[in-house]
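Scroll down for the structure; my scribbles are underneath it.
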Amino acid sequence: MRGVHLDRSDGTVRVQGGATWGDVDHVTVPAGRAVPSGLISTTGVGGLTLGGGIGYLSRRYGLTVDNLLEAQVVLADGTVVTASEDEHPDLFWGLRGGGGNFGVVTSFRFRSHPVGEGGIVLGGPVLYDAADAAEVLRWYREVLPALPEEVSGWLGMLRVPSGPPFPEALWDRHVCDIVWCWTGPHDRGQEVLDELAAFGEPLLVGLHDMPFSALQSAFDALYPPGYQWYWKADFYDRITDEAVSTHVQHGTRLPSALSTMHLYPVDGAVARVAEDATAFPHRSGGWAGVIVGIDPDPANRDLITGWSRDYWEALRPSAAGGAYVNFLMEEGADRVKAAYRGNHDRLTRVKARYDPENTFRVNQNIPPATGETSR
């Protein structure tokens, strides 16, 4: 079930439930359009959408859930319904951020948007030595929110992959990087990116024009299935001076070649949507942060897990409360409740109407409220 159809008359995209974002980009980008999604093309459309959808296009066009128009859902009792603003609007509200708690989505219909010039965007990584991380972080926290919404950039602490296209002299080097993406007209974008790349003393400036799908899939090969992963996450309204020190302390001591920390901006168009307009509540700006221990060898599980937990704990004083539900692991009911802030109670009522027996519970579970089961 990986079919994708772009309606060129209105720019809407129908996507079957088993598709990946690479499948979607394959259809939309040659037409100069894209649906806001994440940052890895092998990610499933269903999982990313139902949790929210933060990515390169969020500042300009909003989250994936902000661009969902309709969903076909198989409910726990086998009933097939269509959820939209006009049909089952409470279910539609819950699907937009509430995860897989309400049913199996077999088909999505999205709004797509123009990207770049005919699907060609400007972007790529700018790498700085880890010794410059504090300076880069302090600059990034000030410059990013003031940038035009056509540009987005996520910041990471990582080790340079040992292989092309990176020069051999940088392989396995600890760096602070920012991956930029400009999705507007190229003349203005080149000016903006040149100014950004002029900051500090970068080790590598990898900015150039490319299909949006190429940027979306640039990191696919680094993360094949089967590796050990351990995630810890929070939202941050600000990158405080104390947080900068923590990032320098822990982010420059990565336990394995693939372990990393990322900060994704959630401002711009995301922040212009009310917190209760969808189930996804984090609309006040700032960043979604994630710390990920990754290693192919199960023997290193404790190493990557301990580093991730210690890093996350050290950042907790600067956290805004709650985390992006797509970044949560098995962390308990309190963390799930915190992820949904003031929307959690309403989600339990929606759950009671559409899945009163909690059939869909192998997830970041929202328990059904009692006393409200009719549709």
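The way I read the labels, and the way they are meant: chains A, B, ... in the order of the structure tokens, residue 1 as the first residue of every chain, and ligand 1 as the first ligand shown, with later ones counted on from there.
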
Check your understanding: Skipping near chain neighbours, those fewer than 6 positions away, what residues fall within 9 Å of segment 131-134 of chain A using only C-alpha atoms, listed as a list in words?
Key ->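 Non-adjacent residues within range: Met157, His174, Val175, Cys176, Asp177, Gly200, Glu201, Asp241, Val244, Ser245, His247, Val248, Gly251 and Thr252 of chain A.
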
**Study point:** segment 146-361 of chain A: residues DSSP assigns to alpha helix (DSSP H), reported as a ChimeraX atom specification
**Key:** /A:146,186-197,212-216,241-251,301-315,333-340,344-354

Check your understanding: Of the candidates A:Arg60, A:Phe108, A:Gly289, A:Pro298, which one gets nearest to Cys181 of chain A if we count only C-alpha atoms?
Key ->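 For Cys181 of chain A, the nearest of the candidates is A:Arg60.
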
Review point. For Pro367 of chain A, which residue among A:Ser162, A:Asp220, A:Thr348, A:Arg353 is the nearest when counting only C-alpha atoms?
Key: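 Nearest candidate to Pro367 of chain A out of A:Ser162, A:Asp220, A:Thr348, A:Arg353: A:Thr348.
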
Practice item. Pick out the residues sitting within 8 Å of Asp295 of chain A, and hand them over as a PyMOL selection string; count only C-alpha atoms, and ignore anything fewer than 2 positions along from it in its own chain. Key: chain A and resi 227-229+256-259+293+297-298+300-301+304

Written selection (C-alpha atoms) as a PDB file, in the first residue's frame:
```pdb
ATOM      1  CA  TYR A 227      20.996  -0.733  14.573  1.00  0.00           C
ATOM      2  CA  GLN A 228      20.718  -0.184  18.324  1.00  0.00           C
ATOM      3  CA  TRP A 229      18.948   3.131  19.035  1.00  0.00           C
ATOM      4  CA  SER A 256      29.925   6.021  19.028  1.00  0.00           C
ATOM      5  CA  ALA A 257      30.376   7.125  15.444  1.00  0.00           C
ATOM      6  CA  LEU A 258      26.631   7.555  14.783  1.00  0.00           C
ATOM      7  CA  SER A 259      25.448   8.930  18.132  1.00  0.00           C
ATOM      8  CA  GLY A 293      22.685   6.905  21.058  1.00  0.00           C
ATOM      9  CA  ASP A 297      26.650  -3.639  18.002  1.00  0.00           C
ATOM     10  CA  PRO A 298      24.235  -4.739  20.770  1.00  0.00           C
ATOM     11  CA  ASN A 300      27.402  -1.241  23.191  1.00  0.00           C
ATOM     12  CA  ARG A 301      23.813  -0.802  24.379  1.00  0.00           C
ATOM     13  CA  ILE A 304      24.973   4.609  24.232  1.00  0.00           C
TER      14      ILE A 304
END
```

Exercise for review: Can you check which residues of segment 178-315 of chain A DSSP gives as strand (DSSP E) on the backbone and send them as number ranges by chain?
Suggested key: A: 178-182, 204-205, 208-211, 228-236, 260-265, 287-295

Prev. selection, C-alpha atoms, output as a tab-separated table (two decimals), in the first residue's frame:
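File written: out.tsv
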```tsv
chain	number	residue	atom	x	y	z
A	178	ILE	CA	23.98	23.14	10.84
A	179	VAL	CA	22.10	21.72	7.87
A	180	TRP	CA	20.43	24.58	6.01
A	181	CYS	CA	17.56	24.43	3.51
A	182	TRP	CA	16.26	27.37	1.46
A	204	LEU	CA	33.30	22.65	5.43
A	205	VAL	CA	30.62	24.59	3.55
A	208	HIS	CA	24.58	23.96	-3.22
A	209	ASP	CA	21.48	23.48	-5.31
A	210	MET	CA	19.79	20.09	-5.35
A	211	PRO	CA	16.36	18.49	-5.68
A	228	GLN	CA	20.72	-0.18	18.32
A	229	TRP	CA	18.95	3.13	19.04
A	230	TYR	CA	18.21	4.89	22.30
A	231	TRP	CA	16.32	8.22	22.25
A	232	LYS	CA	15.83	10.96	24.84
A	233	ALA	CA	13.97	14.15	23.95
A	234	ASP	CA	12.46	17.41	25.17
A	235	PHE	CA	11.19	20.72	23.86
A	236	TYR	CA	13.15	23.88	24.62
A	260	THR	CA	24.23	12.50	17.86
A	261	MET	CA	22.19	15.39	19.23
A	262	HIS	CA	19.81	17.46	17.07
A	263	LEU	CA	17.84	20.67	17.63
A	264	TYR	CA	14.95	21.29	15.21
A	265	PRO	CA	13.22	24.71	15.04
A	287	TRP	CA	13.24	23.83	19.40
A	288	ALA	CA	12.51	20.13	19.52
A	289	GLY	CA	15.64	18.46	20.85
A	290	VAL	CA	16.64	14.83	20.62
A	291	ILE	CA	19.67	12.94	21.91
A	292	VAL	CA	20.24	9.63	20.18
A	293	GLY	CA	22.68	6.90	21.06
A	294	ILE	CA	23.22	4.71	17.98
A	295	ASP	CA	25.48	1.72	17.40
```

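Among the candidates A:His344, A:His88, A:Arg349, A:Arg238, the one nearest to Leu315 of chain A when counting only C-alpha atoms is A:Arg238.
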
**Study point:** Surrounding residues of Pro317 of chain A excluding itself and chain neighbours under 5 positions, 10 Å, only C-alpha atoms, as a PyMOL selection string
**Key:** chain A and resi 236+240+242-243+312

Practice item. Find, counting only C-alpha atoms, the residue in A:Leu303, A:Leu69, A:Ile120, A:Arg141 that gets nearest to Gln216 of chain A. Key: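 Of A:Leu303, A:Leu69, A:Ile120, A:Arg141, the one nearest Gln216 of chain A is A:Ile120, counting only C-alpha atoms.
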
List as a PDB file with all heavy atoms, in the first residue's frame the protein and nucleic acid residues near Ala333 of chain A, meaning an atom at most 12 Å away when only C-alpha atoms are counted, but skip any in the same chain fewer than 6 places from it.
```pdb
ATOM      1  N   GLY A 322       7.558  18.307  28.436  1.00  0.00           N
ATOM      2  CA  GLY A 322       7.017  17.488  27.351  1.00  0.00           C
ATOM      3  C   GLY A 322       8.037  17.286  26.254  1.00  0.00           C
ATOM      4  O   GLY A 322       9.067  17.965  26.190  1.00  0.00           O
ATOM      5  N   VAL A 325       6.306  13.520  20.561  1.00  0.00           N
ATOM      6  CA  VAL A 325       5.884  12.144  20.811  1.00  0.00           C
ATOM      7  C   VAL A 325       6.593  11.160  19.892  1.00  0.00           C
ATOM      8  O   VAL A 325       6.829   9.999  20.278  1.00  0.00           O
ATOM      9  CB  VAL A 325       4.348  12.026  20.688  1.00  0.00           C
ATOM     10  CG1 VAL A 325       3.887  12.189  19.239  1.00  0.00           C
ATOM     11  CG2 VAL A 325       3.841  10.730  21.279  1.00  0.00           C
ATOM     12  N   ALA A 339       3.642  15.192  27.062  1.00  0.00           N
ATOM     13  CA  ALA A 339       3.845  15.470  25.643  1.00  0.00           C
ATOM     14  C   ALA A 339       2.643  16.177  25.026  1.00  0.00           C
ATOM     15  O   ALA A 339       2.787  16.944  24.070  1.00  0.00           O
ATOM     16  CB  ALA A 339       4.130  14.174  24.888  1.00  0.00           C
ATOM     17  N   TYR A 340       1.447  15.916  25.568  1.00  0.00           N
ATOM     18  CA  TYR A 340       0.224  16.490  25.001  1.00  0.00           C
ATOM     19  C   TYR A 340      -0.295  17.703  25.770  1.00  0.00           C
ATOM     20  O   TYR A 340      -1.309  18.285  25.399  1.00  0.00           O
ATOM     21  CB  TYR A 340      -0.857  15.410  24.915  1.00  0.00           C
ATOM     22  CG  TYR A 340      -0.539  14.385  23.868  1.00  0.00           C
ATOM     23  CD1 TYR A 340      -0.222  13.077  24.212  1.00  0.00           C
ATOM     24  CD2 TYR A 340      -0.515  14.741  22.518  1.00  0.00           C
ATOM     25  CE1 TYR A 340       0.093  12.143  23.233  1.00  0.00           C
ATOM     26  CE2 TYR A 340      -0.199  13.811  21.549  1.00  0.00           C
ATOM     27  CZ  TYR A 340       0.107  12.517  21.913  1.00  0.00           C
ATOM     28  OH  TYR A 340       0.427  11.606  20.941  1.00  0.00           O
ATOM     29  N   HIS A 344      -4.356  16.622  26.521  1.00  0.00           N
ATOM     30  CA  HIS A 344      -4.417  15.209  26.884  1.00  0.00           C
ATOM     31  C   HIS A 344      -5.826  14.763  27.268  1.00  0.00           C
ATOM     32  O   HIS A 344      -6.291  13.695  26.840  1.00  0.00           O
ATOM     33  CB  HIS A 344      -3.438  14.906  28.021  1.00  0.00           C
ATOM     34  CG  HIS A 344      -3.328  13.454  28.344  1.00  0.00           C
ATOM     35  ND1 HIS A 344      -4.057  12.855  29.350  1.00  0.00           N
ATOM     36  CD2 HIS A 344      -2.586  12.463  27.773  1.00  0.00           C
ATOM     37  CE1 HIS A 344      -3.763  11.571  29.392  1.00  0.00           C
ATOM     38  NE2 HIS A 344      -2.873  11.305  28.458  1.00  0.00           N
ATOM     39  N   ARG A 361      -2.883  -0.030  21.653  1.00  0.00           N
ATOM     40  CA  ARG A 361      -2.181   0.343  22.882  1.00  0.00           C
ATOM     41  C   ARG A 361      -0.677   0.118  22.808  1.00  0.00           C
ATOM     42  O   ARG A 361       0.038   0.470  23.750  1.00  0.00           O
ATOM     43  CB  ARG A 361      -2.753  -0.442  24.064  1.00  0.00           C
ATOM     44  CG  ARG A 361      -2.642  -1.944  23.941  1.00  0.00           C
ATOM     45  CD  ARG A 361      -3.335  -2.663  25.103  1.00  0.00           C
ATOM     46  NE  ARG A 361      -3.247  -4.109  24.994  1.00  0.00           N
ATOM     47  CZ  ARG A 361      -4.116  -4.871  24.336  1.00  0.00           C
ATOM     48  NH1 ARG A 361      -5.144  -4.311  23.713  1.00  0.00           N
ATOM     49  NH2 ARG A 361      -3.963  -6.181  24.270  1.00  0.00           N
ATOM     50  N   ASN A 363       1.859   1.644  21.716  1.00  0.00           N
ATOM     51  CA  ASN A 363       2.187   2.969  21.214  1.00  0.00           C
ATOM     52  C   ASN A 363       2.448   3.874  22.408  1.00  0.00           C
ATOM     53  O   ASN A 363       2.512   3.402  23.539  1.00  0.00           O
ATOM     54  CB  ASN A 363       1.025   3.514  20.361  1.00  0.00           C
ATOM     55  CG  ASN A 363      -0.336   3.381  21.043  1.00  0.00           C
ATOM     56  OD1 ASN A 363      -0.432   3.402  22.273  1.00  0.00           O
ATOM     57  ND2 ASN A 363      -1.389   3.244  20.257  1.00  0.00           N
ATOM     58  N   GLN A 364       2.581   5.173  22.168  1.00  0.00           N
ATOM     59  CA  GLN A 364       2.587   6.139  23.270  1.00  0.00           C
ATOM     60  C   GLN A 364       1.123   6.286  23.680  1.00  0.00           C
ATOM     61  O   GLN A 364       0.396   7.110  23.150  1.00  0.00           O
ATOM     62  CB  GLN A 364       3.217   7.456  22.830  1.00  0.00           C
ATOM     63  CG  GLN A 364       4.650   7.323  22.323  1.00  0.00           C
ATOM     64  CD  GLN A 364       5.599   6.746  23.367  1.00  0.00           C
ATOM     65  OE1 GLN A 364       5.332   6.808  24.562  1.00  0.00           O
ATOM     66  NE2 GLN A 364       6.708   6.178  22.917  1.00  0.00           N
ATOM     67  N   ASN A 365       0.729   5.479  24.629  1.00  0.00           N
ATOM     68  CA  ASN A 365      -0.696   5.211  24.803  1.00  0.00           C
ATOM     69  C   ASN A 365      -1.453   6.322  25.508  1.00  0.00           C
ATOM     70  O   ASN A 365      -1.012   6.877  26.512  1.00  0.00           O
ATOM     71  CB  ASN A 365      -0.907   3.908  25.562  1.00  0.00           C
ATOM     72  CG  ASN A 365      -2.328   3.410  25.469  1.00  0.00           C
ATOM     73  OD1 ASN A 365      -3.008   3.244  26.465  1.00  0.00           O
ATOM     74  ND2 ASN A 365      -2.804   3.182  24.243  1.00  0.00           N
ATOM     75  N   ILE A 366      -2.624   6.601  24.927  1.00  0.00           N
ATOM     76  CA  ILE A 366      -3.602   7.503  25.518  1.00  0.00           C
ATOM     77  C   ILE A 366      -4.761   6.634  26.003  1.00  0.00           C
ATOM     78  O   ILE A 366      -5.459   6.025  25.187  1.00  0.00           O
ATOM     79  CB  ILE A 366      -4.094   8.528  24.489  1.00  0.00           C
ATOM     80  CG1 ILE A 366      -2.930   9.416  24.030  1.00  0.00           C
ATOM     81  CG2 ILE A 366      -5.221   9.383  25.063  1.00  0.00           C
ATOM     82  CD1 ILE A 366      -3.222  10.219  22.785  1.00  0.00           C
ATOM     83  N   PRO A 367      -4.980   6.543  27.305  1.00  0.00           N
ATOM     84  CA  PRO A 367      -6.057   5.685  27.798  1.00  0.00           C
ATOM     85  C   PRO A 367      -7.425   6.304  27.530  1.00  0.00           C
ATOM     86  O   PRO A 367      -7.568   7.530  27.512  1.00  0.00           O
ATOM     87  CB  PRO A 367      -5.778   5.604  29.306  1.00  0.00           C
ATOM     88  CG  PRO A 367      -5.082   6.885  29.607  1.00  0.00           C
ATOM     89  CD  PRO A 367      -4.250   7.211  28.399  1.00  0.00           C
TER      90      PRO A 367
END
```

Study note, to complete from the structure: Between A:Val104, A:Ser9, A:Ala279, A:Glu195, smallest distance to Gly78 of chain A by only C-alpha atoms belongs to A:Val104

Exercise for review: Find the residues around Arg8 of chain A up to 9 Å (only C-alpha atoms counted), leave out those fewer than 4 positions away in its own chain, and share them as JSON, numbers by chain.
Suggested key: {"A": [12, 13, 31]}

Point to revise | Polymer residues at most 10 Å from Asp66 of chain A, only C-alpha atoms, same-chain spacing of 4 or more positions, as a ChimeraX atom specification | key: /A:36,49,52-53,58,61-62,96-97,110-111,269-270,273,277-278,280

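Proximity to Asn326 of chain A was assessed for A:Ile54, A:Gly18, A:Gly11, A:Arg33 counting only C-alpha atoms; the smallest distance is recorded for A:Ile54.
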